[in-house]
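Everything below belongs to work.cif, which stores mmCIF, C-alpha atoms.
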```cif
data_entry
#
loop_
_atom_site.label_atom_id
_atom_site.label_comp_id
_atom_site.auth_asym_id
_atom_site.auth_seq_id
_atom_site.Cartn_x
_atom_site.Cartn_y
_atom_site.Cartn_z
CA MET A 261 123.46 -7.53 19.29
CA ARG A 262 126.72 -8.20 21.09
CA THR A 263 127.45 -8.00 24.79
CA THR A 264 130.03 -9.20 27.30
CA SER A 265 128.94 -10.89 30.50
CA ALA A 266 130.72 -11.98 33.62
CA ALA A 267 128.99 -15.29 33.45
CA ARG A 268 130.84 -17.41 35.97
CA ALA A 269 132.73 -16.47 39.13
CA ARG A 270 135.82 -18.35 40.29
CA ARG A 271 136.27 -19.04 43.99
CA PRO A 272 139.18 -17.14 45.61
CA THR A 273 142.19 -19.33 46.28
CA GLU A 274 142.62 -17.79 49.75
CA GLN A 275 139.82 -17.58 52.28
CA ASN A 276 141.29 -15.17 54.86
CA GLY A 277 143.61 -12.19 55.12
CA PRO A 278 144.14 -8.97 53.15
CA ALA A 279 144.94 -10.73 49.89
CA ALA A 280 141.72 -12.70 50.15
CA ASP A 281 139.78 -9.52 50.89
CA ALA A 282 141.21 -7.84 47.81
CA VAL A 283 140.43 -10.82 45.61
CA GLY A 284 137.07 -11.33 47.21
CA SER A 285 136.04 -7.74 46.69
CA THR A 286 136.40 -8.00 42.95
CA ARG A 287 136.33 -11.77 42.35
CA HIS A 288 137.83 -13.43 39.32
CA PHE A 289 135.45 -13.58 36.39
CA GLU A 290 135.50 -15.57 33.21
CA GLU A 291 134.50 -13.22 30.42
CA HIS A 292 132.14 -14.67 27.81
CA CYS A 293 131.58 -12.76 24.60
CA MET A 294 127.96 -13.45 23.69
CA GLU A 295 126.87 -13.03 20.09
CA PHE A 296 123.16 -12.24 19.84
CA GLN A 297 123.18 -11.40 16.14
CA TYR A 298 120.44 -13.33 14.37
CA SER A 299 121.49 -15.47 11.44
CA ASP A 300 120.45 -14.72 7.88
CA THR A 301 118.13 -17.73 8.05
CA THR A 302 116.39 -16.39 11.15
CA ARG A 303 116.01 -12.91 9.67
CA ALA A 304 114.41 -14.36 6.54
CA LEU A 305 112.09 -16.56 8.60
CA LEU A 306 111.21 -13.65 10.87
CA LYS A 307 110.17 -11.56 7.89
CA ARG A 308 107.93 -14.38 6.64
CA LEU A 309 106.52 -15.00 10.11
CA LEU A 310 105.63 -11.37 10.71
CA ARG A 311 103.82 -11.26 7.38
CA PHE A 312 101.98 -14.50 8.23
CA MET A 313 100.89 -13.12 11.61
CA ASP A 314 99.53 -9.97 9.97
CA GLN A 315 97.72 -11.87 7.22
CA HIS A 316 96.43 -14.94 9.03
CA ILE A 317 96.75 -14.84 12.82
CA TYR A 318 95.63 -11.44 14.12
CA PRO A 319 92.66 -11.19 11.71
CA ASN A 320 91.46 -14.64 12.83
CA GLU A 321 91.64 -14.21 16.60
CA ARG A 322 87.94 -13.46 16.80
CA ALA A 323 87.14 -16.36 14.44
CA PHE A 324 89.17 -18.67 16.70
CA LEU A 325 86.97 -17.86 19.70
CA GLN A 326 83.81 -17.94 17.63
CA GLU A 327 84.51 -21.44 16.32
CA ILE A 328 85.05 -22.72 19.85
CA ALA A 329 81.82 -21.02 20.96
CA ALA A 330 79.92 -22.54 18.02
CA ASN A 331 81.19 -26.01 18.85
CA ARG A 332 80.21 -25.51 22.46
CA ALA A 333 76.73 -24.37 21.44
CA GLN A 334 76.37 -27.56 19.40
CA GLY A 335 77.17 -29.61 22.51
CA ASN A 336 80.88 -30.39 22.15
CA ALA A 337 83.74 -27.91 22.39
CA TRP A 338 86.31 -30.73 22.35
CA VAL A 339 86.76 -31.08 18.61
CA PRO A 340 89.65 -29.92 16.40
CA LEU A 341 89.24 -26.46 14.95
CA ARG A 342 88.93 -26.15 11.19
CA LEU A 343 90.61 -22.75 11.35
CA ILE A 344 93.76 -24.19 12.94
CA GLU A 345 93.96 -27.08 10.49
CA GLU A 346 93.63 -24.74 7.50
CA LEU A 347 96.30 -22.39 8.84
CA LYS A 348 98.67 -25.29 9.50
CA LEU A 349 98.71 -26.06 5.79
CA LYS A 350 99.53 -22.44 5.02
CA ALA A 351 102.32 -22.41 7.62
CA GLN A 352 103.87 -25.57 6.18
CA ALA A 353 103.74 -24.09 2.70
CA GLU A 354 105.60 -21.02 4.01
CA GLY A 355 108.31 -23.16 5.63
CA LEU A 356 107.23 -22.00 9.10
CA TRP A 357 107.06 -25.47 10.63
CA ASN A 358 108.89 -27.39 13.41
CA LEU A 359 111.36 -24.55 13.91
CA PHE A 360 111.83 -25.38 17.62
CA LEU A 361 113.72 -28.70 17.30
CA PRO A 362 117.50 -28.26 16.94
CA ARG A 363 119.92 -30.81 15.55
CA SER A 364 117.35 -33.34 14.42
CA PRO A 365 117.64 -35.14 11.06
CA ARG A 366 113.89 -35.66 11.22
CA ALA A 367 113.33 -31.88 11.33
CA PRO A 368 116.24 -30.32 9.45
CA GLN A 369 114.51 -26.93 9.54
CA GLY A 370 114.91 -26.81 13.33
CA LEU A 371 116.87 -23.86 14.70
CA SER A 372 119.23 -23.31 17.60
CA ASN A 373 117.68 -21.91 20.77
CA LEU A 374 119.15 -18.49 20.02
CA ASP A 375 117.89 -18.41 16.44
CA TYR A 376 114.47 -19.67 17.50
CA ALA A 377 114.06 -17.03 20.23
CA PRO A 378 112.75 -14.09 18.12
CA LEU A 379 110.43 -16.39 16.16
CA CYS A 380 108.99 -17.99 19.30
CA GLU A 381 108.51 -14.51 20.75
CA VAL A 382 106.42 -13.46 17.75
CA MET A 383 104.36 -16.66 17.93
CA GLY A 384 103.67 -15.91 21.58
CA ARG A 385 101.85 -12.69 20.67
CA SER A 386 98.65 -14.69 20.01
CA VAL A 387 97.32 -17.49 22.16
CA PHE A 388 96.60 -19.90 19.31
CA ALA A 389 99.52 -19.09 17.00
CA PRO A 390 102.11 -21.63 18.27
CA GLU A 391 99.96 -24.61 17.29
CA VAL A 392 99.61 -23.26 13.75
CA PHE A 393 103.39 -23.63 13.34
CA ASN A 394 103.57 -27.00 15.21
CA CYS A 395 105.52 -25.20 17.92
CA SER A 396 103.13 -25.47 20.88
CA ALA A 397 103.45 -27.10 24.28
CA PRO A 398 103.33 -29.84 25.35
CA ASP A 399 104.00 -31.33 21.92
CA THR A 400 107.34 -29.54 21.52
CA GLY A 401 108.67 -30.94 24.79
CA ASN A 402 107.35 -34.40 24.03
CA MET A 403 108.90 -34.34 20.58
CA GLU A 404 112.24 -33.39 22.12
CA VAL A 405 111.96 -36.32 24.55
CA LEU A 406 111.15 -38.76 21.75
CA GLU A 407 113.95 -37.36 19.59
CA ARG A 408 116.55 -37.63 22.35
CA TYR A 409 115.54 -40.69 24.33
CA ALA A 410 113.13 -42.95 22.42
CA SER A 411 113.97 -46.02 20.37
CA PRO A 412 113.79 -45.82 16.57
CA ALA A 413 110.57 -47.84 16.69
CA LEU A 414 108.91 -45.39 19.08
CA GLN A 415 110.18 -42.46 17.05
CA GLU A 416 108.69 -43.90 13.89
CA ARG A 417 105.35 -44.60 15.58
CA TRP A 418 104.93 -41.36 17.53
CA LEU A 419 107.54 -38.72 16.67
CA GLU A 420 106.95 -38.76 12.93
CA PRO A 421 103.17 -38.10 13.10
CA LEU A 422 103.79 -35.42 15.75
CA LEU A 423 106.28 -33.70 13.47
CA ARG A 424 103.72 -33.83 10.67
CA GLY A 425 101.08 -32.31 12.97
CA GLU A 426 98.75 -35.28 12.49
CA ILE A 427 98.38 -36.11 16.18
CA ARG A 428 98.85 -34.38 19.51
CA SER A 429 100.29 -35.52 22.85
CA ALA A 430 100.25 -34.93 26.60
CA PHE A 431 102.81 -35.01 29.39
CA LEU A 432 101.58 -36.62 32.63
CA MET A 433 103.72 -35.60 35.60
CA THR A 434 101.78 -33.49 38.13
CA GLU A 435 99.50 -35.25 40.62
CA PRO A 436 96.56 -34.03 42.72
CA ASP A 437 97.41 -35.87 45.93
CA VAL A 438 101.01 -34.77 46.45
CA ALA A 439 103.02 -31.55 46.31
CA SER A 440 104.32 -32.00 42.78
CA SER A 441 106.64 -29.00 43.04
CA ASP A 442 108.89 -31.68 44.57
CA ALA A 443 108.82 -34.30 41.84
CA THR A 444 110.27 -36.93 44.20
CA ASN A 445 106.78 -36.98 45.77
CA ILE A 446 105.26 -38.50 42.63
CA ALA A 447 103.21 -41.51 43.69
CA CYS A 448 102.04 -42.97 40.36
CA ARG A 449 103.51 -46.47 40.14
CA ILE A 450 105.24 -48.04 37.13
CA GLU A 451 105.84 -51.73 37.95
CA ARG A 452 107.45 -54.43 35.83
CA ASP A 453 105.30 -57.46 35.05
CA GLY A 454 107.02 -59.79 32.61
CA ASP A 455 107.25 -58.13 29.20
CA HIS A 456 105.11 -55.19 30.31
CA TYR A 457 104.97 -52.35 32.78
CA VAL A 458 101.76 -51.79 34.73
CA ILE A 459 100.86 -48.20 35.61
CA ASN A 460 98.57 -47.09 38.43
CA GLY A 461 98.01 -43.51 39.52
CA ARG A 462 96.20 -40.25 39.01
CA LYS A 463 97.54 -37.20 37.17
CA TRP A 464 96.20 -33.72 36.64
CA TRP A 465 96.98 -30.56 34.70
CA SER A 466 97.74 -32.91 31.82
CA SER A 467 97.65 -30.25 29.12
CA GLY A 468 96.50 -31.46 25.72
CA ALA A 469 94.80 -34.60 26.98
CA GLY A 470 91.38 -33.13 26.17
CA ASP A 471 92.08 -32.99 22.45
CA PRO A 472 90.61 -35.95 20.54
CA ARG A 473 93.79 -35.94 18.44
CA CYS A 474 95.86 -36.64 21.58
CA ALA A 475 97.20 -40.08 20.72
CA VAL A 476 100.12 -40.57 23.10
CA TYR A 477 101.15 -39.70 26.65
CA ILE A 478 104.56 -39.53 28.25
CA VAL A 479 104.04 -40.55 31.88
CA MET A 480 106.40 -40.03 34.80
CA GLY A 481 106.01 -42.41 37.75
CA ARG A 482 107.77 -44.25 40.52
CA SER A 483 109.38 -47.49 39.36
CA ASN A 484 112.11 -48.04 41.97
CA PRO A 485 110.87 -46.89 45.41
CA ASP A 486 113.90 -48.35 47.20
CA HIS A 487 116.45 -46.41 45.14
CA PRO A 488 117.93 -43.00 46.07
CA ARG A 489 115.23 -40.35 45.76
CA HIS A 490 116.32 -38.99 42.36
CA THR A 491 116.58 -42.43 40.76
CA GLN A 492 113.17 -43.72 41.80
CA GLN A 493 111.29 -42.26 38.84
CA SER A 494 110.98 -43.40 35.24
CA MET A 495 109.24 -42.15 32.11
CA ILE A 496 107.25 -44.31 29.77
CA VAL A 497 105.44 -43.79 26.46
CA VAL A 498 101.77 -44.73 26.74
CA PRO A 499 99.33 -44.88 23.81
CA ALA A 500 96.31 -42.80 24.81
CA ASN A 501 93.85 -45.57 23.86
CA THR A 502 95.41 -48.14 26.21
CA PRO A 503 92.78 -49.85 28.40
CA GLY A 504 92.67 -48.47 31.94
CA ILE A 505 93.11 -44.81 31.00
CA ARG A 506 90.25 -42.49 31.83
CA VAL A 507 90.12 -38.73 31.32
CA GLU A 508 88.13 -37.73 34.39
CA ARG A 509 87.51 -34.01 33.89
CA ALA A 510 88.75 -30.75 32.45
CA LEU A 511 90.37 -28.26 34.81
CA PRO A 512 89.54 -24.65 33.88
CA VAL A 513 92.16 -21.92 34.32
CA PHE A 514 90.53 -18.75 35.66
CA GLY A 515 87.33 -20.05 34.08
CA TYR A 516 88.85 -20.85 30.67
CA ASP A 517 88.73 -24.53 29.75
CA ASP A 518 91.10 -24.04 26.79
CA ALA A 519 89.03 -26.40 24.63
CA PRO A 520 89.82 -28.35 22.56
CA HIS A 521 93.29 -28.52 24.12
CA GLY A 522 92.35 -28.63 27.78
CA HIS A 523 94.11 -29.38 31.04
CA MET A 524 92.77 -32.68 32.26
CA GLU A 525 92.71 -34.95 35.27
CA VAL A 526 93.57 -38.48 34.14
CA SER A 527 93.35 -41.76 36.04
CA LEU A 528 95.46 -44.79 35.11
CA THR A 529 94.27 -48.15 36.44
CA ASP A 530 96.27 -51.29 35.65
CA VAL A 531 97.45 -49.75 32.39
CA ARG A 532 99.69 -52.29 30.67
CA VAL A 533 102.39 -51.04 28.32
CA PRO A 534 105.11 -53.07 26.56
CA ALA A 535 108.42 -52.92 28.43
CA ASP A 536 110.21 -51.44 25.42
CA HIS A 537 108.09 -48.28 25.84
CA LEU A 538 110.17 -47.28 28.89
CA LEU A 539 112.54 -44.43 28.03
CA LEU A 540 116.29 -44.96 28.65
CA GLY A 541 115.73 -47.39 31.54
CA GLU A 542 114.39 -47.59 35.05
CA GLY A 543 115.28 -44.75 37.38
CA ARG A 544 116.20 -42.23 34.69
CA GLY A 545 113.05 -40.11 34.81
CA PHE A 546 114.73 -37.10 36.41
CA GLU A 547 117.47 -37.17 33.81
CA ILE A 548 114.85 -37.08 31.06
CA ALA A 549 112.82 -34.41 32.88
CA GLN A 550 115.78 -32.06 32.99
CA GLY A 551 116.40 -32.60 29.29
CA ARG A 552 112.74 -31.90 28.54
CA LEU A 553 112.01 -29.02 30.89
CA GLY A 554 114.98 -26.81 29.96
CA PRO A 555 113.85 -26.12 26.39
CA GLY A 556 110.19 -26.11 27.44
CA ARG A 557 110.82 -23.48 30.07
CA ILE A 558 112.73 -21.13 27.81
CA HIS A 559 110.11 -21.52 25.06
CA HIS A 560 107.47 -20.39 27.55
CA CYS A 561 109.65 -17.39 28.40
CA MET A 562 110.13 -16.46 24.76
CA ARG A 563 106.37 -16.50 24.26
CA SER A 564 105.88 -14.51 27.48
CA ILE A 565 108.03 -11.72 26.08
CA GLY A 566 105.96 -11.77 22.90
CA ILE A 567 102.66 -11.31 24.72
CA ALA A 568 104.24 -8.63 26.94
CA GLU A 569 105.23 -6.72 23.80
CA ARG A 570 101.73 -7.01 22.44
CA ALA A 571 100.20 -5.91 25.73
CA LEU A 572 102.41 -2.81 25.72
CA GLU A 573 101.42 -2.09 22.12
CA LEU A 574 97.72 -2.41 22.94
CA MET A 575 98.13 -0.32 26.07
CA CYS A 576 99.81 2.53 24.19
CA THR A 577 97.18 2.48 21.44
CA ARG A 578 94.35 2.52 23.95
CA LEU A 579 95.84 5.31 26.07
CA ALA A 580 96.50 7.47 23.03
CA THR A 581 92.88 7.23 21.83
CA ARG A 582 91.07 7.82 25.15
CA VAL A 583 90.45 11.19 26.77
CA ALA A 584 89.79 11.59 30.48
CA PHE A 585 89.59 14.78 32.54
CA GLY A 586 90.13 16.86 29.43
CA LYS A 587 93.30 15.33 28.03
CA PRO A 588 94.52 12.05 26.47
CA ILE A 589 95.18 9.43 29.11
CA ALA A 590 98.61 8.82 27.55
CA THR A 591 99.71 12.28 28.70
CA GLN A 592 98.93 11.58 32.34
CA GLY A 593 101.90 10.85 34.58
CA VAL A 594 101.06 7.46 36.02
CA TRP A 595 100.56 5.97 32.59
CA ARG A 596 103.79 7.37 31.19
CA GLU A 597 105.62 5.77 34.09
CA ARG A 598 103.94 2.42 33.43
CA ILE A 599 104.75 2.58 29.72
CA ALA A 600 108.40 3.33 30.47
CA GLU A 601 108.58 0.61 33.13
CA SER A 602 107.06 -1.88 30.70
CA ARG A 603 109.75 -1.17 28.11
CA LEU A 604 112.48 -1.50 30.74
CA LEU A 605 111.11 -4.83 31.96
CA ILE A 606 110.72 -6.27 28.47
CA GLU A 607 114.24 -5.38 27.41
CA GLN A 608 115.76 -6.85 30.56
CA ALA A 609 113.76 -10.06 30.21
CA ARG A 610 114.62 -10.40 26.54
CA LEU A 611 118.34 -10.01 27.19
CA LEU A 612 118.27 -12.67 29.91
CA THR A 613 116.32 -14.97 27.59
CA LEU A 614 118.86 -14.50 24.81
CA LYS A 615 121.75 -15.09 27.19
CA THR A 616 120.09 -18.29 28.41
CA ALA A 617 119.40 -19.49 24.87
CA TRP A 618 123.00 -18.74 23.89
CA MET A 619 124.31 -20.72 26.87
CA MET A 620 122.03 -23.68 26.12
CA ASP A 621 123.43 -23.74 22.60
CA THR A 622 127.09 -23.33 23.58
CA VAL A 623 127.57 -25.05 26.95
CA GLY A 624 124.42 -27.16 27.28
CA ASN A 625 121.26 -27.18 29.36
CA LYS A 626 122.93 -28.53 32.48
CA VAL A 627 125.46 -25.71 32.70
CA ALA A 628 122.74 -23.19 31.84
CA ARG A 629 120.30 -24.51 34.45
CA ASN A 630 120.69 -21.47 36.71
CA GLU A 631 119.95 -19.08 33.84
CA ILE A 632 116.96 -21.24 32.86
CA ALA A 633 115.67 -20.97 36.42
CA MET A 634 116.19 -17.20 36.46
CA ILE A 635 114.35 -16.49 33.23
CA LYS A 636 111.53 -18.85 34.23
CA VAL A 637 110.93 -16.60 37.24
CA VAL A 638 111.45 -13.30 35.44
CA ALA A 639 109.54 -13.65 32.16
CA PRO A 640 106.08 -14.66 33.48
CA GLN A 641 106.29 -11.99 36.18
CA VAL A 642 107.12 -9.36 33.56
CA SER A 643 104.31 -10.46 31.25
CA THR A 644 101.67 -10.60 33.99
CA ARG A 645 102.62 -7.17 35.31
CA ILE A 646 102.42 -5.56 31.87
CA LEU A 647 99.21 -7.42 31.01
CA ASP A 648 97.71 -6.20 34.27
CA TRP A 649 98.58 -2.61 33.39
CA ALA A 650 97.20 -3.10 29.87
CA ILE A 651 93.96 -4.47 31.30
CA GLN A 652 93.73 -1.45 33.59
CA ALA A 653 94.29 0.87 30.64
CA HIS A 654 91.39 -0.74 28.78
CA GLY A 655 88.99 -0.33 31.68
CA GLY A 656 86.02 -2.70 31.57
CA GLY A 657 86.99 -3.83 28.10
CA GLY A 658 90.24 -5.20 29.46
CA VAL A 659 88.55 -7.96 31.46
CA SER A 660 86.28 -8.95 28.57
CA ASP A 661 86.92 -11.10 25.53
CA ASP A 662 86.72 -8.05 23.27
CA PHE A 663 90.49 -7.81 23.69
CA PRO A 664 93.03 -10.66 24.03
CA LEU A 665 94.32 -9.41 27.39
CA ALA A 666 92.22 -11.32 29.91
CA TYR A 667 92.76 -14.68 28.22
CA ALA A 668 96.47 -13.97 27.90
CA TYR A 669 96.69 -12.97 31.56
CA ALA A 670 95.12 -16.28 32.63
CA ALA A 671 97.68 -18.21 30.59
CA GLN A 672 100.64 -16.14 31.76
CA ARG A 673 99.68 -16.25 35.43
CA THR A 674 99.56 -20.04 35.16
CA LEU A 675 103.19 -20.06 34.00
CA ARG A 676 104.28 -19.01 37.47
CA LEU A 677 103.23 -22.53 38.46
CA ALA A 678 103.80 -24.58 35.31
CA ASP A 679 107.19 -26.27 34.85
CA GLY A 680 108.02 -25.54 38.48
CA PRO A 681 106.66 -22.74 40.69
CA ASP A 682 108.59 -19.53 41.26
CA GLU A 683 109.55 -20.59 44.76
CA VAL A 684 111.36 -23.74 43.60
CA HIS A 685 113.32 -21.85 40.96
CA ARG A 686 114.23 -19.09 43.43
CA ASP A 687 115.49 -21.70 45.89
CA ALA A 688 117.68 -23.27 43.19
CA ILE A 689 119.04 -19.84 42.22
CA ALA A 690 119.85 -19.05 45.86
CA LYS A 691 121.64 -22.37 46.36
CA TYR A 692 123.76 -21.74 43.30
CA GLU A 693 124.61 -18.21 44.38
CA LEU A 694 125.57 -19.36 47.87
CA SER A 695 127.78 -22.08 46.40
CA ARG A 696 129.75 -19.40 44.55
CA HIS A 697 130.42 -17.22 47.56
CA LEU A 698 130.66 -19.48 50.61
CA PRO A 699 133.89 -21.35 51.44
CA PRO A 700 133.89 -25.06 50.56
CA ARG A 701 133.09 -27.52 53.33
CA ILE A 702 136.09 -29.18 54.92
CA GLY A 703 135.97 -32.85 55.80
#
```
Do you think you could lay out the structure here as structure tokens?
Amino acid sequence: MRTTSAARARRPTEQNGPAADAVGSTRHFEEHCMEFQYSDTTRALLKRLLRFMDQHIYPNERAFLQEIAANRAQGNAWVPLRLIEELKLKAQAEGLWNLFLPRSPRAPQGLSNLDYAPLCEVMGRSVFAPEVFNCSAPDTGNMEVLERYASPALQERWLEPLLRGEIRSAFLMTEPDVASSDATNIACRIERDGDHYVINGRKWWSSGAGDPRCAVYIVMGRSNPDHPRHTQQSMIVVPANTPGIRVERALPVFGYDDAPHGHMEVSLTDVRVPADHLLLGEGRGFEIAQGRLGPGRIHHCMRSIGIAERALELMCTRLATRVAFGKPIATQGVWRERIAESRLLIEQARLLTLKTAWMMDTVGNKVARNEIAMIKVVAPQVSTRILDWAIQAHGGGGVSDDFPLAYAYAAQRTLRLADGPDEVHRDAIAKYELSRHLPPRIG
């Protein structure tokens, strides 16, 4: 796929008068020729992945839920699933492993964002599939942080077993007592004490912290309260078994506890961590967060498009096999409109995702931050709308666990809050757009 986009507008050199009006009416655009053609490597991997999904993922969706239910019935849902561990071995044998991590000598199979996009989309069609390929959040984001910012010693201790799928991790940023949509509000303290840092605070929505395999946290907290607001925060690597850490409770999402992964509330009381576990240095937490959240956000969007595609597929199948008022539901006007609208929405979201991935690969995450913000708003809204229509098409079955729609809706609706709520991203988009069109301040 190849398209040309007016990706960046230049400010007119004149601000007033007829010449300025003429220039301003059309603007000056830099034309970027975007190549969306998938590489031969990606096409080969996609073929293998689609076959793997048909053979091992879709047929086991019911078994996935049944194993969790069986563990719960035995008194503990928070144990690793045998099904997942068995499928991980099959995925590794197929070479479908750690595909998300670009430019890493530790994971040479990692792809560019653009090449990873169609594969991540396919993985997103099933709620448990990403973990099978070691491509699930929050581990992917944490592995990127460790790859980019951690010392060789920390990489050896934590990144290597994460890449092998032997352990899991959690990212502790959001807090219950402050509006965490503004990360400068973070109150958790990280204070230097000799050769250690001491951490005190409370975090929640710490995804993955419920898993007994979760061996390491990356914690964001306030280390320099007297510094400018965006240099007050730091990130530190914290072994999950450090004294003073307590997982307080699981936080269900629309009633789903997502065991054994979970989204947990975690308290940290006088947690002492060696000083060399701090990433990059004091006050650089926001810098790291931007490096982490860009890829994490677009991965979520890729998966959102995948589940939207599957919802449309299920909706069409259901509508074609149900008769109401004497004719197939698929022939009735409202449903044809929803099917068409779903296809339109998916294609638009996919193109914006590919453009964003292409920009991240070619000009970097910082330059692509506006596109990242845009797709983070668009993709979850598209997926939740189409899932809602698919649920409606399935009637009572749509809100049950007989179909994957209700569980997927809960996860997708959460994405409008995770990694920044829609409102924050819309505000950033508006600020950028205004900066392009308003005259520069004088003085």
- Message: Give me the residues near stretch 676-693 of chain A as a count of residues only, where near means some atom within 6 Å (using all atoms listed in the file) and where sequence neighbours in that chain fewer than 3 positions away do not count.
- Response: 6
Counting only C-alpha atoms, note down every residue that has an atom within 10 Å of the point (87.4, -18.1, 21.4) (file coordinates), as a PDB file with C-alpha atoms, keeping the file's coordinate frame.
```
ATOM      1  CA  GLU A 321      91.640 -14.210  16.600  1.00  0.00           C
ATOM      2  CA  ARG A 322      87.940 -13.460  16.800  1.00  0.00           C
ATOM      3  CA  ALA A 323      87.140 -16.360  14.440  1.00  0.00           C
ATOM      4  CA  PHE A 324      89.170 -18.670  16.700  1.00  0.00           C
ATOM      5  CA  LEU A 325      86.970 -17.860  19.700  1.00  0.00           C
ATOM      6  CA  GLN A 326      83.810 -17.940  17.630  1.00  0.00           C
ATOM      7  CA  GLU A 327      84.510 -21.440  16.320  1.00  0.00           C
ATOM      8  CA  ILE A 328      85.050 -22.720  19.850  1.00  0.00           C
ATOM      9  CA  ALA A 329      81.820 -21.020  20.960  1.00  0.00           C
ATOM     10  CA  ALA A 330      79.920 -22.540  18.020  1.00  0.00           C
ATOM     11  CA  VAL A 387      97.320 -17.490  22.160  1.00  0.00           C
ATOM     12  CA  PHE A 388      96.600 -19.900  19.310  1.00  0.00           C
ATOM     13  CA  TYR A 516      88.850 -20.850  30.670  1.00  0.00           C
ATOM     14  CA  ASP A 518      91.100 -24.040  26.790  1.00  0.00           C
ATOM     15  CA  ALA A 519      89.030 -26.400  24.630  1.00  0.00           C
ATOM     16  CA  ASP A 661      86.920 -11.100  25.530  1.00  0.00           C
ATOM     17  CA  PRO A 664      93.030 -10.660  24.030  1.00  0.00           C
ATOM     18  CA  TYR A 667      92.760 -14.680  28.220  1.00  0.00           C
TER      19      TYR A 667
END
```
- Spell out the residues picked by the PyMOL selection byres ((chain A and resi 305) around 12) here, as JSON, numbers by chain. {"A": [298, 299, 300, 301, 302, 303, 304, 306, 307, 308, 309, 310, 311, 312, 351, 354, 355, 356, 357, 359, 369, 370, 371, 375, 376, 377, 378, 379, 380, 382]}
- Query: Could you pull the residues within 8 Å of A:Gly566, counting all atoms listed in the file, minus those fewer than 2 positions along the same chain, as a list in words?
  - Reply: Cys380, Glu381, Val382, Met383, Gly384, Arg385, Met562, Arg563, Ser564, Ala568, Glu569 and Arg570 of chain A
- Task: Would you please work out which residue, of A:Val642, A:Ala584, A:Ile589, A:Val623, is nearest to A:Leu605 when using only C-alpha atoms?
- Result: A:Val642
Near-A:Ala639 list (8 Å; only C-alpha atoms; drop same-chain fewer than 4 positions) as a PDB file with C-alpha atoms, keeping the file's coordinate frame:
```pdb
ATOM      1  CA  CYS A 561     109.650 -17.390  28.400  1.00  0.00           C
ATOM      2  CA  MET A 562     110.130 -16.460  24.760  1.00  0.00           C
ATOM      3  CA  SER A 564     105.880 -14.510  27.480  1.00  0.00           C
ATOM      4  CA  ILE A 565     108.030 -11.720  26.080  1.00  0.00           C
ATOM      5  CA  ALA A 609     113.760 -10.060  30.210  1.00  0.00           C
ATOM      6  CA  ILE A 635     114.350 -16.490  33.230  1.00  0.00           C
ATOM      7  CA  SER A 643     104.310 -10.460  31.250  1.00  0.00           C
TER       8      SER A 643
END
```
- Item | Selection dump of the PyMOL selection byres ((chain A and resi 444-446) around 9), as a VMD selection string | chain A and resid 433 to 435 437 to 443 447 to 449 480 to 482 489 to 490 492 to 493 546
- Using all atoms listed in the file, which of A:Lys615, A:Lys348, A:His487, A:Arg610 sits nearest A:Ile632? A:Lys615
- Tell me which residues the PyMOL selection byres ((chain A and resi 506) around 7) grabs here, as a list in words.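 This file, filtered by the PyMOL selection byres ((chain A and resi 506) around 7), leaves Gly504, Ile505, Val507, Glu508, Val526, Ser527 and Leu528 of chain A.
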- Within 6 Å of (98.6, -14.1, 14.6) (coordinates as in the file), grab all the protein and nucleic acid residues, counting only C-alpha atoms, and write them out as a list in words.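 Neighbouring residues, ordered by chain and number, come to Met313, Ile317, Tyr318, Ser386 and Ala389 of chain A.
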- Of the listed residues A:Gln592, A:Asn484, A:Thr622, A:Ser429, that which approaches A:Ala469 most closely, counting all atoms listed in the file: A:Ser429
- From A:Arg428, A:His521, A:His559, A:Arg408, residue lying nearest A:Leu614 [only C-alpha atoms]: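 Of the candidates, the smallest distance to A:Leu614 is held by A:His559.
Pairwise distance (atom CA of A:Asp530, atom CA of A:Tyr477) equals 15.5 Å.
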- Item | Given only C-alpha atoms as the counted atoms, nearest of A:Pro412, A:Pro503, A:Pro368, A:Pro340 to A:Gly522 |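 Closest residue, counting only C-alpha atoms: A:Pro340.
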